[in-house]
file input-v9.csv (CSV, C-alpha atoms)
chain,number,residue,atom,x,y,z
A,328,MET,CA,23.6,-9.4,-1.5
A,329,THR,CA,20.3,-9.3,0.5
A,330,ASP,CA,19.5,-5.9,2.0
A,331,LYS,CA,18.7,-5.7,5.7
A,332,THR,CA,16.7,-3.1,7.6
A,333,VAL,CA,18.1,-1.6,10.8
A,334,LEU,CA,15.7,-3.9,12.7
A,335,ASN,CA,17.0,-7.1,11.3
A,336,ALA,CA,18.8,-8.3,14.4
A,337,THR,CA,15.7,-7.4,16.5
A,338,HIS,CA,13.5,-9.6,14.3
A,339,ARG,CA,16.0,-12.5,14.6
A,340,ALA,CA,16.2,-12.1,18.4
A,341,LEU,CA,12.4,-12.4,18.4
A,342,GLY,CA,12.6,-15.7,16.5
A,343,ALA,CA,11.2,-14.4,13.3
A,344,ARG,CA,11.1,-16.6,10.2
A,345,MET,CA,12.9,-14.6,7.6
A,346,VAL,CA,12.4,-14.6,3.8
A,347,ASP,CA,13.8,-12.8,0.8
A,348,PHE,CA,11.3,-10.1,-0.2
A,349,GLY,CA,12.3,-8.0,-3.2
A,350,GLY,CA,15.9,-8.4,-2.2
A,351,TRP,CA,15.3,-7.6,1.5
A,352,ASP,CA,15.7,-10.0,4.4
A,353,MET,CA,12.3,-9.6,6.0
A,354,PRO,CA,10.2,-11.3,8.7
A,355,ILE,CA,7.3,-13.4,7.3
A,356,ASN,CA,6.1,-14.1,10.9
A,357,TYR,CA,7.2,-14.5,14.5
A,358,GLY,CA,5.2,-17.6,15.2
A,359,SER,CA,1.6,-17.8,14.3
A,360,GLN,CA,0.7,-15.7,11.3
A,361,ILE,CA,-3.0,-16.0,12.0
A,362,GLU,CA,-2.5,-14.7,15.6
A,363,GLU,CA,-0.6,-11.7,14.2
A,364,HIS,CA,-3.4,-11.0,11.8
A,365,HIS,CA,-6.0,-11.1,14.6
A,366,ALA,CA,-3.8,-8.9,16.8
A,367,VAL,CA,-4.0,-6.2,14.2
A,368,ARG,CA,-7.7,-6.6,13.6
A,369,ARG,CA,-8.6,-6.7,17.3
A,370,ASP,CA,-5.9,-4.7,19.1
A,371,ALA,CA,-2.6,-3.4,17.7
A,372,GLY,CA,0.3,-4.8,15.7
A,373,MET,CA,3.4,-3.3,14.1
A,374,PHE,CA,5.3,-4.0,10.9
A,375,ASP,CA,8.9,-3.1,10.0
A,376,VAL,CA,8.4,-1.4,6.6
A,377,SER,CA,11.9,0.2,6.5
A,378,HIS,CA,12.4,-1.4,3.1
A,379,MET,CA,10.0,1.1,1.6
A,380,THR,CA,11.7,3.9,-0.4
A,381,VAL,CA,11.3,7.4,0.9
A,382,VAL,CA,12.2,10.3,-1.5
A,383,ASP,CA,12.1,14.0,-0.9
A,384,LEU,CA,11.4,16.3,-3.9
A,385,HIS,CA,12.6,19.9,-3.8
A,386,GLY,CA,12.5,22.8,-6.3
A,387,ALA,CA,10.4,25.8,-7.3
A,388,ARG,CA,8.5,23.7,-9.9
A,389,THR,CA,7.9,20.6,-7.8
A,390,HIS,CA,4.2,21.1,-7.8
A,391,ASP,CA,4.2,21.3,-11.7
A,392,PHE,CA,6.4,18.2,-11.9
A,393,LEU,CA,4.0,16.1,-9.8
A,394,ARG,CA,1.0,17.3,-11.8
A,395,HIS,CA,2.8,15.8,-14.8
A,396,LEU,CA,4.1,12.7,-13.1
A,397,LEU,CA,1.0,11.4,-11.3
A,398,ALA,CA,-2.5,10.3,-12.5
A,399,ASN,CA,-4.1,11.6,-9.3
A,400,SER,CA,-4.0,15.4,-8.8
A,401,VAL,CA,-1.7,17.0,-6.2
A,402,ASP,CA,-3.8,20.1,-6.6
A,403,LYS,CA,-6.0,18.4,-3.9
A,404,LEU,CA,-3.1,18.9,-1.4
A,405,LYS,CA,-3.5,22.3,0.2
A,406,VAL,CA,-2.6,21.7,3.9
A,407,HIS,CA,0.9,20.9,5.3
A,408,GLY,CA,1.2,17.1,5.9
A,409,LYS,CA,-1.8,16.1,3.7
A,410,ALA,CA,-1.2,12.9,1.7
A,411,LEU,CA,-2.5,11.5,-1.6
A,412,TYR,CA,-2.5,7.9,-3.0
A,413,SER,CA,-1.7,7.8,-6.7
A,414,CYS,CA,-0.4,5.6,-9.5
A,415,MET,CA,2.6,6.6,-11.5
A,416,LEU,CA,2.1,5.6,-15.1
A,417,ASP,CA,4.1,5.1,-18.3
A,418,GLU,CA,3.1,6.6,-21.7
A,419,GLN,CA,1.0,3.5,-22.4
A,420,GLY,CA,-1.1,4.0,-19.2
A,421,GLY,CA,0.6,1.0,-17.5
A,422,VAL,CA,1.3,1.2,-13.8
A,423,ILE,CA,5.0,1.8,-13.0
A,424,ASP,CA,4.2,1.9,-9.3
A,425,ASP,CA,1.6,3.0,-6.8
A,426,LEU,CA,2.7,5.5,-4.1
A,427,ILE,CA,1.8,8.0,-1.4
A,428,VAL,CA,2.8,11.6,-1.8
A,429,TYR,CA,3.0,14.1,1.1
A,430,PHE,CA,2.7,17.9,0.8
A,431,PHE,CA,4.9,20.2,2.8
A,432,ASP,CA,4.7,23.2,0.5
A,433,ASP,CA,4.7,23.8,-3.3
A,434,SER,CA,8.5,23.4,-3.5
A,435,HIS,CA,8.8,20.4,-1.1
A,436,TYR,CA,6.9,17.0,-1.3
A,437,ARG,CA,7.8,13.6,0.0
A,438,VAL,CA,6.9,10.3,-1.9
A,439,VAL,CA,7.0,6.8,-0.5
A,440,VAL,CA,7.3,4.1,-3.1
A,441,ASN,CA,7.5,0.3,-3.0
A,442,ALA,CA,10.7,-1.5,-2.0
A,443,ALA,CA,10.9,-4.0,-4.9
A,444,THR,CA,10.5,-1.3,-7.5
A,445,ARG,CA,13.0,1.1,-6.0
A,446,ALA,CA,15.6,1.2,-8.8
A,447,LYS,CA,13.1,1.6,-11.7
A,448,ASP,CA,11.1,4.2,-9.7
A,449,LEU,CA,14.1,6.3,-8.9
A,450,ALA,CA,15.3,6.2,-12.5
A,451,TRP,CA,11.9,7.2,-13.8
A,452,ILE,CA,11.3,10.0,-11.3
A,453,GLU,CA,14.8,11.4,-11.9
A,454,LYS,CA,14.4,11.3,-15.7
A,455,GLN,CA,11.0,13.1,-15.5
A,456,ALA,CA,12.2,15.5,-12.9
A,457,ALA,CA,15.2,16.8,-14.8
A,458,PRO,CA,13.3,19.2,-17.2
A,459,PHE,CA,11.5,20.7,-14.1
A,460,GLY,CA,14.8,21.3,-12.2
A,461,VAL,CA,13.5,19.2,-9.3
A,462,GLU,CA,16.0,17.7,-6.9
A,463,VAL,CA,15.3,14.0,-6.2
A,464,LYS,CA,16.7,13.1,-2.8
A,465,GLU,CA,16.4,9.5,-1.5
A,466,ARG,CA,16.2,9.3,2.4
A,467,PRO,CA,17.8,6.0,3.5
A,468,ASP,CA,18.4,7.7,6.8
A,469,TYR,CA,14.8,6.9,7.7
A,470,ALA,CA,13.4,3.7,9.1
A,471,MET,CA,9.6,3.1,9.0
A,472,ILE,CA,7.3,1.3,11.4
A,473,ALA,CA,3.6,0.8,10.7
A,474,VAL,CA,1.4,0.5,13.8
A,475,GLN,CA,-2.0,-0.7,12.9
A,476,GLY,CA,-5.2,-1.8,14.6
A,477,PRO,CA,-8.2,-0.4,16.6
A,478,ASN,CA,-6.0,0.5,19.6
A,479,ALA,CA,-2.9,1.4,17.5
A,480,ARG,CA,-3.3,5.2,17.6
A,481,GLY,CA,-3.9,5.3,21.3
A,482,LYS,CA,-0.7,3.2,22.0
A,483,VAL,CA,1.4,5.5,19.8
A,484,LEU,CA,-0.1,8.7,21.2
A,485,ASP,CA,0.8,7.6,24.8
A,486,LEU,CA,4.5,7.5,23.7
A,487,LEU,CA,4.6,11.0,22.2
A,488,HIS,CA,5.7,14.2,23.9
A,489,ALA,CA,2.7,15.6,25.9
A,490,GLU,CA,2.7,18.8,23.8
A,491,ASP,CA,2.5,16.8,20.5
A,492,ARG,CA,-0.3,14.5,21.5
A,493,PRO,CA,-3.4,16.7,21.0
A,494,ARG,CA,-2.2,17.8,17.5
A,495,THR,CA,-1.3,14.3,16.5
A,496,GLU,CA,-4.6,12.9,17.8
A,497,LYS,CA,-6.5,15.3,15.6
A,498,LEU,CA,-4.8,14.2,12.4
A,499,GLY,CA,-7.3,13.1,9.8
A,500,LYS,CA,-6.8,10.1,7.7
A,501,PHE,CA,-4.1,10.6,5.0
A,502,ALA,CA,-2.5,13.4,7.0
A,503,ALA,CA,0.9,13.5,8.7
A,504,ALA,CA,2.8,15.7,11.2
A,505,ALA,CA,6.1,15.9,13.0
A,506,ALA,CA,6.1,14.8,16.6
A,507,GLN,CA,8.6,13.9,19.4
A,508,GLY,CA,8.6,10.3,20.5
A,509,PRO,CA,10.4,8.5,23.4
A,510,GLY,CA,13.4,10.4,24.6
A,511,GLY,CA,12.6,13.3,22.3
A,512,MET,CA,13.3,11.3,19.1
A,513,PRO,CA,12.0,13.2,16.0
A,514,LEU,CA,9.1,11.3,14.2
A,515,PHE,CA,7.1,11.9,11.1
A,516,VAL,CA,3.7,10.4,12.0
A,517,ALA,CA,1.3,9.7,9.1
A,518,ARG,CA,-2.3,8.4,9.6
A,519,THR,CA,-2.0,5.9,6.8
A,520,GLY,CA,-1.7,2.1,6.5
A,521,TYR,CA,-2.1,-1.0,4.5
A,522,THR,CA,-4.3,-3.1,6.7
A,523,GLY,CA,-7.8,-1.6,6.5
A,524,GLU,CA,-7.4,-0.7,10.2
A,525,ASP,CA,-6.7,2.7,11.7
A,526,GLY,CA,-3.2,3.5,12.8
A,527,PHE,CA,0.0,5.3,11.9
A,528,GLU,CA,3.0,4.8,9.6
A,529,ILE,CA,6.0,6.4,11.4
A,530,LEU,CA,9.2,7.6,9.8
A,531,VAL,CA,12.0,7.6,12.4
A,532,PRO,CA,15.7,8.3,12.1
A,533,GLU,CA,17.4,5.0,11.5
A,534,GLU,CA,19.5,5.1,14.6
A,535,LYS,CA,16.4,5.5,16.8
A,536,ALA,CA,14.3,2.7,15.2
A,537,VAL,CA,15.2,-0.1,17.6
A,538,ALA,CA,14.4,2.1,20.6
A,539,LEU,CA,11.0,3.0,19.0
A,540,TRP,CA,10.3,-0.6,18.2
A,541,GLU,CA,11.1,-1.6,21.8
A,542,ALA,CA,9.0,1.2,23.3
A,543,LEU,CA,6.0,0.1,21.1
A,544,ALA,CA,6.5,-3.6,22.2
A,545,ALA,CA,6.6,-2.5,25.8
A,546,ALA,CA,3.3,-0.6,25.2
A,547,GLY,CA,1.6,-3.9,24.1
A,548,VAL,CA,2.0,-3.6,20.3
A,549,ARG,CA,2.5,-7.1,18.8
A,550,PRO,CA,5.2,-7.6,16.1
A,551,ALA,CA,3.7,-8.8,12.9
A,552,GLY,CA,5.3,-10.1,9.7
A,553,LEU,CA,4.8,-9.8,6.0
A,554,GLY,CA,2.4,-12.8,6.0
A,555,ALA,CA,-0.2,-11.1,8.2
A,556,ARG,CA,0.4,-7.8,6.3
A,557,ASP,CA,-0.6,-9.6,3.1
A,558,THR,CA,-3.8,-11.2,4.4
A,559,LEU,CA,-4.8,-8.0,6.1
A,560,ARG,CA,-4.4,-5.8,3.0
A,561,LEU,CA,-6.2,-8.4,0.8
A,562,GLU,CA,-9.2,-8.5,3.2
A,563,ALA,CA,-9.1,-4.7,3.1
A,564,GLY,CA,-9.3,-4.7,-0.7
A,565,MET,CA,-5.9,-3.1,-1.3
A,566,ASN,CA,-3.8,-3.9,-4.4
A,567,LEU,CA,-0.3,-5.3,-4.2
A,568,TYR,CA,2.1,-4.0,-6.9
A,569,GLY,CA,3.6,-6.8,-9.1
A,570,GLN,CA,0.7,-9.1,-8.3
A,571,ASP,CA,-2.5,-7.1,-8.9
A,572,MET,CA,-1.0,-4.5,-11.3
A,573,ASP,CA,2.2,-3.7,-13.2
A,574,GLU,CA,3.2,-2.0,-16.5
A,575,THR,CA,0.9,-4.3,-18.5
A,576,VAL,CA,-2.2,-3.1,-16.5
A,577,SER,CA,-3.9,0.3,-16.5
A,578,PRO,CA,-5.6,1.8,-13.4
A,579,TRP,CA,-9.0,1.1,-15.1
A,580,GLU,CA,-8.1,-2.6,-15.2
A,581,ALA,CA,-6.9,-2.6,-11.6
A,582,ASN,CA,-10.1,-1.1,-10.1
A,583,LEU,CA,-8.2,2.1,-9.4
A,584,GLY,CA,-10.2,4.4,-11.6
A,585,TRP,CA,-10.9,6.4,-8.5
A,586,THR,CA,-7.3,7.5,-8.4
A,587,ILE,CA,-7.4,9.0,-12.0
A,588,VAL,CA,-8.2,12.8,-12.3
A,589,LEU,CA,-8.9,13.8,-15.9
A,590,ASP,CA,-8.9,17.5,-15.0
A,591,GLU,CA,-8.8,20.2,-17.7
A,592,GLY,CA,-5.4,21.4,-18.9
A,593,ARG,CA,-3.2,18.8,-17.2
A,594,ASP,CA,-1.3,16.5,-19.4
A,595,PHE,CA,0.0,13.8,-17.1
A,596,ILE,CA,2.1,10.9,-18.3
A,597,GLY,CA,-0.2,8.2,-19.7
A,598,ARG,CA,-3.3,10.4,-19.9
A,599,ALA,CA,-3.9,10.0,-23.6
A,600,ALA,CA,-3.7,6.2,-23.3
A,601,LEU,CA,-6.2,6.2,-20.4
A,602,GLU,CA,-8.6,8.4,-22.3
A,603,LYS,CA,-8.4,6.2,-25.3
A,604,GLN,CA,-9.0,3.0,-23.2
A,605,LYS,CA,-11.9,4.6,-21.5
A,606,ALA,CA,-13.5,5.7,-24.8
A,607,GLU,CA,-13.1,2.3,-26.4
A,608,GLY,CA,-14.2,0.4,-23.3
A,609,VAL,CA,-12.0,-1.6,-20.9
A,610,LYS,CA,-11.5,-5.2,-22.0
A,611,ARG,CA,-10.5,-6.6,-18.6
A,612,VAL,CA,-11.9,-5.9,-15.1
A,613,MET,CA,-10.7,-6.7,-11.6
A,614,VAL,CA,-13.2,-8.4,-9.3
A,615,GLY,CA,-13.5,-9.9,-5.8
A,616,LEU,CA,-14.1,-13.6,-5.4
A,617,VAL,CA,-15.2,-15.6,-2.3
A,618,LEU,CA,-14.8,-19.4,-2.1
A,619,ASP,CA,-17.5,-20.7,0.3
A,620,GLU,CA,-16.3,-24.3,0.3
A,621,LYS,CA,-13.0,-25.6,1.6
A,622,GLY,CA,-9.9,-24.8,-0.5
A,623,VAL,CA,-7.5,-21.9,-1.1
A,624,LEU,CA,-7.5,-19.4,-3.9
A,625,ARG,CA,-3.9,-18.7,-5.1
A,626,HIS,CA,-2.1,-16.4,-7.5
A,627,GLY,CA,-2.0,-17.8,-11.1
A,628,GLN,CA,-5.0,-20.1,-10.9
A,629,LYS,CA,-7.3,-20.1,-14.0
A,630,VAL,CA,-10.7,-18.4,-13.7
A,631,LEU,CA,-13.5,-19.6,-16.0
A,632,THR,CA,-16.3,-17.2,-17.1
A,633,ALA,CA,-18.9,-17.0,-19.8
A,634,ASN,CA,-16.7,-14.5,-21.6
A,635,GLY,CA,-13.5,-16.5,-21.5
A,636,GLU,CA,-10.6,-17.1,-19.1
A,637,GLY,CA,-9.1,-14.9,-16.4
A,638,GLU,CA,-6.7,-15.5,-13.6
A,639,ILE,CA,-6.4,-15.1,-9.8
A,640,LEU,CA,-4.2,-12.2,-8.9
A,641,SER,CA,-3.9,-12.1,-5.0
A,642,GLY,CA,-5.6,-15.0,-3.3
A,643,SER,CA,-5.4,-16.3,0.3
A,644,PHE,CA,-7.3,-17.8,3.2
A,645,ALA,CA,-8.8,-14.8,5.0
A,646,PRO,CA,-8.5,-15.3,8.8
A,647,THR,CA,-11.2,-12.7,9.7
A,648,LEU,CA,-13.7,-14.5,7.4
A,649,GLU,CA,-12.4,-18.1,7.8
A,650,LYS,CA,-12.7,-18.7,4.1
A,651,ALA,CA,-10.6,-18.0,1.0
A,652,VAL,CA,-10.9,-14.7,-1.0
A,653,ALA,CA,-9.2,-13.4,-4.0
A,654,PHE,CA,-8.9,-10.6,-6.6
A,655,ALA,CA,-9.2,-11.8,-10.2
A,656,ARG,CA,-8.8,-10.2,-13.5
A,657,ILE,CA,-11.5,-11.4,-16.0
A,658,PRO,CA,-12.9,-10.4,-19.4
A,659,ALA,CA,-15.4,-7.5,-19.2
A,660,GLY,CA,-19.1,-8.2,-19.4
A,661,GLU,CA,-21.5,-10.4,-17.5
A,662,PRO,CA,-19.4,-13.3,-16.4
A,663,GLY,CA,-22.2,-15.8,-15.6
A,664,ASP,CA,-21.3,-18.6,-13.1
A,665,ILE,CA,-17.6,-18.2,-12.2
A,666,ARG,CA,-15.4,-21.1,-11.5
A,667,VAL,CA,-11.7,-21.5,-10.5
A,668,ASP,CA,-9.5,-24.3,-11.7
A,669,ILE,CA,-8.0,-25.7,-8.5
A,670,ARG,CA,-5.7,-28.6,-9.4
A,671,GLY,CA,-7.9,-29.6,-12.3
A,672,ARG,CA,-11.2,-29.3,-10.5
A,673,GLU,CA,-13.6,-26.5,-11.4
A,674,VAL,CA,-14.7,-25.0,-8.1
A,675,PRO,CA,-17.6,-22.5,-8.1
A,676,VAL,CA,-16.9,-19.1,-6.5
A,677,ARG,CA,-19.0,-16.0,-5.8
A,678,ARG,CA,-18.3,-12.6,-7.3
A,679,VAL,CA,-18.5,-9.9,-4.6
A,680,LYS,CA,-17.8,-6.2,-4.1
A,681,TYR,CA,-14.7,-5.7,-2.1
A,682,PRO,CA,-13.3,-4.7,0.5
A,683,PHE,CA,-14.1,-8.0,2.1
A,684,VAL,CA,-13.5,-6.7,5.6
A,685,ARG,CA,-14.1,-3.2,7.0
A,686,ASP,CA,-13.5,-2.0,10.6
A,687,GLY,CA,-12.6,-5.6,11.6
A,688,LYS,CA,-15.9,-7.1,10.4
A,689,PRO,CA,-17.0,-8.9,7.2
A,690,CYS,CA,-18.6,-6.5,4.7
A,691,GLU,CA,-22.2,-7.0,3.6
A,692,GLY,CA,-22.7,-9.9,1.2
A,693,ILE,CA,-19.4,-11.5,2.0
call {"tool": "encode", "arguments": {"input": "input-v9.csv", "output": "structure tokens"}}
result
Amino acid sequence: MTDKTVLNATHRALGARMVDFGGWDMPINYGSQIEEHHAVRRDAGMFDVSHMTVVDLHGARTHDFLRHLLANSVDKLKVHGKALYSCMLDEQGGVIDDLIVYFFDDSHYRVVVNAATRAKDLAWIEKQAAPFGVEVKERPDYAMIAVQGPNARGKVLDLLHAEDRPRTEKLGKFAAAAAQGPGGMPLFVARTGYTGEDGFEILVPEEKAVALWEALAAAGVRPAGLGARDTLRLEAGMNLYGQDMDETVSPWEANLGWTIVLDEGRDFIGRAALEKQKAEGVKRVMVGLVLDEKGVLRHGQKVLTANGEGEILSGSFAPTLEKAVAFARIPAGEPGDIRVDIRGREVPVRRVKYPFVRDGKPCEGI
């Protein structure tokens, strides 16, 4: 059985092309995927991300538990609503999932994990939480809508209760707050996203989701599907779990070293393996590639370097750049001239630093 979000009928009424995504029936686009991509880069678009898994953690030792569970340090979270991006690792340092954790107080946190990894994530979290006496409570009563783009925040703020607007407008990046939406509906509004643009990810009670979606549409926010979401996050240099990393990959190998905190006296799961890997030297690195000639870079293509073969992880035509870009994992060391095997033809590509796009414009050197 394929799962459906509460907005499924709304997507179908809009003529969305639906696909199976991690066991969920989700919209890939509503017409032109490229137009949806540009709407987010230039104005405001919205995505149904209600398939994401929301979990509340409660208990006197919740803070201690998350210090043990996550490679990043929740000690950074001091203010109600502040959020942190982290990897959750196994004992070998492999990535079980990447997630966002929100702080309410030391005994109450909220985590949002990926949809396709829900079952294994919940099993892992519950197993690790048991010795700490932490209650793990999934929140299927929430739907989630991501509103992204340079005009996204303004369009959302206009829909909020007047007394909530100033406080919500002042939210810094990676921070969240409760607010009242249309008709007084209770919202959890987070200044986060997966597109490289500013905006909000909004948790809304499931029964209010359709009304919120319709209010956003009436405010000029364009529906966008998973296709545009993928090209936007790739341009923005953001990893996709299952494609750019998994249990066979450590954060060092996924260019996520910045999410690892090797603070004194904290023995998080996978720490020993990460320290060993760092001391010995990482054998594989993740890099950005640009194809300047015509063609498309796709997942699984062979990458040829002076040090041996690698492979394309995420790859796609980038609408903002009008050329193909990709992440690749290649052997460490100076790679020399890099080529990609596209249907038996070795095509030269350029190694670049990513993100490829920032604030709607190509980054320097792209």
call {"tool": "atom_distance", "arguments": {"input": "input-v9.csv", "atom1": "atom CA of Ser643 of chain A", "atom2": "atom CA of Leu561 of chain A"}}
result
8.0 Å
call {"tool": "closest_residue", "arguments": {"input": "input-v9.csv", "among": "A:Arg368, A:Phe515, A:Leu334, A:Arg339", "to": "Val381 of chain A", "atoms": "all atoms listed in the file"}}
result
A:Phe515
call {"tool": "closest_residue", "arguments": {"input": "input-v9.csv", "among": "A:Arg466, A:Arg670, A:His364, A:Arg480", "to": "Val439 of chain A", "atoms": "all atoms listed in the file"}}
result
A:Arg466
call {"tool": "closest_residue", "arguments": {"input": "input-v9.csv", "among": "A:Asp425, A:Asp375, A:Glu620, A:Asp352", "to": "Glu528 of chain A", "atoms": "all atoms listed in the file"}}
result
A:Asp375
call {"tool": "atom_distance", "arguments": {"input": "input-v9.csv", "atom1": "atom CA of Ala470 of chain A", "atom2": "atom CA of Ala551 of chain A"}}
result
16.3 Å
call {"tool": "closest_residue", "arguments": {"input": "input-v9.csv", "among": "A:Arg437, A:Ala387, A:Val531, A:Arg492", "to": "Asp468 of chain A", "atoms": "all atoms listed in the file"}}
result
A:Val531
call {"tool": "atom_distance", "arguments": {"input": "input-v9.csv", "atom1": "atom CA of Ala536 of chain A", "atom2": "atom CA of Ala505 of chain A"}}
result
15.7 Å
call {"tool": "residues_around", "arguments": {"input": "input-v9.csv", "residues": "segment 405-413 of chain A", "least_positions_apart": "4", "cutoff": "6 Å", "atoms": "all atoms listed in the file", "output": "PDB file with C-alpha atoms, keeping the file's coordinate frame"}}
result
ATOM      1  CA  ASN A 399      -4.100  11.600  -9.300  1.00  0.00           C
ATOM      2  CA  ASP A 425       1.600   3.000  -6.800  1.00  0.00           C
ATOM      3  CA  LEU A 426       2.700   5.500  -4.100  1.00  0.00           C
ATOM      4  CA  ILE A 427       1.800   8.000  -1.400  1.00  0.00           C
ATOM      5  CA  VAL A 428       2.800  11.600  -1.800  1.00  0.00           C
ATOM      6  CA  TYR A 429       3.000  14.100   1.100  1.00  0.00           C
ATOM      7  CA  PHE A 430       2.700  17.900   0.800  1.00  0.00           C
ATOM      8  CA  PHE A 431       4.900  20.200   2.800  1.00  0.00           C
ATOM      9  CA  PHE A 501      -4.100  10.600   5.000  1.00  0.00           C
ATOM     10  CA  ALA A 502      -2.500  13.400   7.000  1.00  0.00           C
ATOM     11  CA  ALA A 503       0.900  13.500   8.700  1.00  0.00           C
ATOM     12  CA  ALA A 504       2.800  15.700  11.200  1.00  0.00           C
ATOM     13  CA  THR A 586      -7.300   7.500  -8.400  1.00  0.00           C
TER      14      THR A 586
END
call {"tool": "residues_near_point", "arguments": {"input": "input-v9.csv", "point": "(-10.2, -5.3, -13.3)", "cutoff": "8 Å", "atoms": "all atoms listed in the file", "output": "list in words"}}
result
Trp579, Glu580, Ala581, Asn582, Arg611, Val612, Met613, Val614, Ala655, Arg656 and Ile657 of chain A
call {"tool": "residues_around", "arguments": {"input": "input-v9.csv", "residues": "Ser577 of chain A", "least_positions_apart": "2", "cutoff": "12 Å", "atoms": "all atoms listed in the file", "output": "MDAnalysis selection string"}}
result
chainID A and resid 398 414:425 571:575 579:584 586:587 597:598 600:605 609:613 656
call {"tool": "residues_around", "arguments": {"input": "input-v9.csv", "residues": "Lys500 of chain A", "least_positions_apart": "5", "cutoff": "10 Å", "atoms": "all atoms listed in the file", "output": "number ranges by chain"}}
result
A: 409-410, 517-520, 525-527
call {"tool": "build_atoms", "arguments": {"input": "input-v9.csv", "residues": "segment 662-674 of chain A", "atoms": "N, CA and C atoms", "output": "PDB file, in the frame of the given file"}}
result
ATOM      1  N   PRO A 662     -20.238 -12.130 -16.403  1.00  0.00           N
ATOM      2  CA  PRO A 662     -19.400 -13.300 -16.400  1.00  0.00           C
ATOM      3  C   PRO A 662     -20.145 -14.650 -16.278  1.00  0.00           C
ATOM      4  N   GLY A 663     -21.439 -14.598 -15.896  1.00  0.00           N
ATOM      5  CA  GLY A 663     -22.200 -15.800 -15.600  1.00  0.00           C
ATOM      6  C   GLY A 663     -21.631 -16.513 -14.376  1.00  0.00           C
ATOM      7  N   ASP A 664     -21.804 -17.826 -14.299  1.00  0.00           N
ATOM      8  CA  ASP A 664     -21.300 -18.600 -13.100  1.00  0.00           C
ATOM      9  C   ASP A 664     -19.750 -18.633 -13.255  1.00  0.00           C
ATOM     10  N   ILE A 665     -19.070 -18.185 -12.206  1.00  0.00           N
ATOM     11  CA  ILE A 665     -17.600 -18.200 -12.200  1.00  0.00           C
ATOM     12  C   ILE A 665     -17.054 -19.377 -11.509  1.00  0.00           C
ATOM     13  N   ARG A 666     -16.040 -19.994 -12.122  1.00  0.00           N
ATOM     14  CA  ARG A 666     -15.400 -21.100 -11.500  1.00  0.00           C
ATOM     15  C   ARG A 666     -13.877 -20.927 -11.537  1.00  0.00           C
ATOM     16  N   VAL A 667     -13.202 -21.546 -10.573  1.00  0.00           N
ATOM     17  CA  VAL A 667     -11.700 -21.500 -10.500  1.00  0.00           C
ATOM     18  C   VAL A 667     -11.195 -22.890 -10.636  1.00  0.00           C
ATOM     19  N   ASP A 668     -10.178 -23.027 -11.476  1.00  0.00           N
ATOM     20  CA  ASP A 668      -9.500 -24.300 -11.700  1.00  0.00           C
ATOM     21  C   ASP A 668      -8.522 -24.537 -10.533  1.00  0.00           C
ATOM     22  N   ILE A 669      -8.901 -25.389  -9.584  1.00  0.00           N
ATOM     23  CA  ILE A 669      -8.000 -25.700  -8.500  1.00  0.00           C
ATOM     24  C   ILE A 669      -7.538 -27.156  -8.656  1.00  0.00           C
ATOM     25  N   ARG A 670      -6.299 -27.302  -9.105  1.00  0.00           N
ATOM     26  CA  ARG A 670      -5.700 -28.600  -9.400  1.00  0.00           C
ATOM     27  C   ARG A 670      -6.564 -29.490 -10.266  1.00  0.00           C
ATOM     28  N   GLY A 671      -7.078 -28.883 -11.335  1.00  0.00           N
ATOM     29  CA  GLY A 671      -7.900 -29.600 -12.300  1.00  0.00           C
ATOM     30  C   GLY A 671      -9.335 -29.760 -11.994  1.00  0.00           C
ATOM     31  N   ARG A 672      -9.753 -29.247 -10.838  1.00  0.00           N
ATOM     32  CA  ARG A 672     -11.200 -29.300 -10.500  1.00  0.00           C
ATOM     33  C   ARG A 672     -11.780 -27.923 -10.575  1.00  0.00           C
ATOM     34  N   GLU A 673     -12.915 -27.820 -11.267  1.00  0.00           N
ATOM     35  CA  GLU A 673     -13.600 -26.500 -11.400  1.00  0.00           C
ATOM     36  C   GLU A 673     -14.466 -26.258 -10.212  1.00  0.00           C
ATOM     37  N   VAL A 674     -14.065 -25.297  -9.410  1.00  0.00           N
ATOM     38  CA  VAL A 674     -14.700 -25.000  -8.100  1.00  0.00           C
ATOM     39  C   VAL A 674     -15.542 -23.710  -8.277  1.00  0.00           C
TER      40      VAL A 674
END
